[in-house]
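Trainee: Below: one structure in structure tokens.
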Amino acid sequence: MTESSERIVTVLKAIPYARVMSYGAVASAAGLRNGARQVARLLHSSSDTWKLPWHRVIKANGCIALPSGGGLEIQIALLHQEGVEVNAEGRVDRKYFV
DNA sequence: GCCATGGCTAGTA
DNA sequence: GCCATGGCTAGTA
């Protein structure tokens with residue numbers, strides 16, 4: 001576990017219930033200039049072991065990054081469960097961003 | 001080489 | 001859509 005990864009984990013666990021953050025925003029908050037992809041990688045590999053709120057991380061444009069059949073439906077369900085709405089175009093409104 | 005990104009541009013309506 | 005990025009990993013020697 002690198003220091004950068006630990007900072008990313010800290011930021012992720014601090015995302016409030018029913019709010020979302022973009023990969024890039026998480027990276028910035030963790031002090032990484034261009035770490036969006038690193039955030040994505042960490043979510044993919046360690047969400048389970050660290051019990052991370054992976055479903056609260058979406059693209060900067062409000063879309064969900066996961067493909068249909070590859071987690072998209074589950075992520076939408078988890079967001080709905082928290083009261084975050086995903087519109088017909090599959091986007092989350094700006095008001096839900098931290 | 002890969003990619004659960006992001007920002008900018010071209011091309012359509 | 002395209003491409004610049006940047007850290008991680010698989011696969012070779």
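Letters A, B, ... go to the chains of the structure tokens in the order shown; residues in each chain start at 1; ligands are counted from 1 in the same order.
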Residues of chain A within 9 Å of chain B, using only C-alpha atoms (C1' of nucleotides), as a ChimeraX atom specification?

Mentor: /A:23-24,35-37,39-41,43-44,57-60,64-67

Trainee: Using C-alpha atoms, can you export the residues from the last selection as a compact mmCIF listing (two decimals), in the first residue's frame?

Mentor:
```txt
# COMPACT_ATOMS: atom_id res chain seq x y z
CA TYR A 23 -12.39 10.28 -10.14
CA GLY A 24 -10.38 13.43 -10.80
CA GLY A 35 -4.44 10.63 -10.58
CA ALA A 36 -7.92 9.96 -11.93
CA ARG A 37 -6.89 6.66 -13.44
CA VAL A 39 -8.35 6.19 -8.40
CA ALA A 40 -10.22 4.03 -10.91
CA ARG A 41 -7.62 1.31 -10.60
CA LEU A 43 -11.54 1.14 -6.81
CA HIS A 44 -11.40 -1.80 -9.17
CA VAL A 57 -17.52 7.73 -7.71
CA ILE A 58 -18.59 8.70 -11.23
CA LYS A 59 -17.18 10.59 -14.21
CA ALA A 60 -16.75 14.35 -14.10
CA ILE A 64 -21.31 6.33 -14.65
CA ALA A 65 -18.08 4.86 -15.98
CA LEU A 66 -19.01 1.18 -15.72
CA PRO A 67 -20.47 -0.55 -18.77
```

Trainee: Would you return as a list in words the members of chain A that DSSP assigns to strand (DSSP E or B) on this structure's backbone?

Mentor: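 Matching residues, listed in order: Val20, Met21, Ser22, Val57, Ile58, Cys63, Val86, Arg91, Val92 and Phe97 of chain A.
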
Trainee: Can you list, as a PyMOL selection string, all residues belonging to chain A that DSSP tags as helix (DSSP H, G or I)?

Mentor: chain A and resi 3-13+23-29+36-50+54-56+72-81+94-96

Trainee: Give me the residues within 10 Å of stretch 6-13 of chain A as a list of chain:residue names, counting only C-alpha atoms (C1' of nucleotides) and dropping any in the same chain fewer than 5 places off.

Mentor: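 Counting only C-alpha atoms (C1' of nucleotides), the residues come to A:Met1, A:Val20, A:Met21, A:Tyr23, A:Ala25, A:Val26, A:Ala27, A:Ser28, A:Ala29, A:Ala30, A:Gly31, A:Leu32, A:Gly35, A:Gln38, A:Val39, A:Leu42, A:Leu43, A:Ser46, A:Ser47, A:Trp50, A:Lys51, A:Leu52, A:Pro53, A:Trp54, A:Arg56, A:Val57.
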
Trainee: Would you mind reading off the distance between atom CA of A:Glu89 and atom CA of A:Asp48, one decimal, in Å?

Mentor: 28.2 Å

Trainee: Interatomic distance between atom CA of A:Asn34 and atom CA of A:Ser68?

Mentor: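 Atom-to-atom, atom CA of A:Asn34 and atom CA of A:Ser68 are spaced 26.7 Å apart.
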
Trainee: Just how far from atom CA of A:Ser5 is atom CA of A:Glu73, in Å to one decimal?

Mentor: 26.9 Å
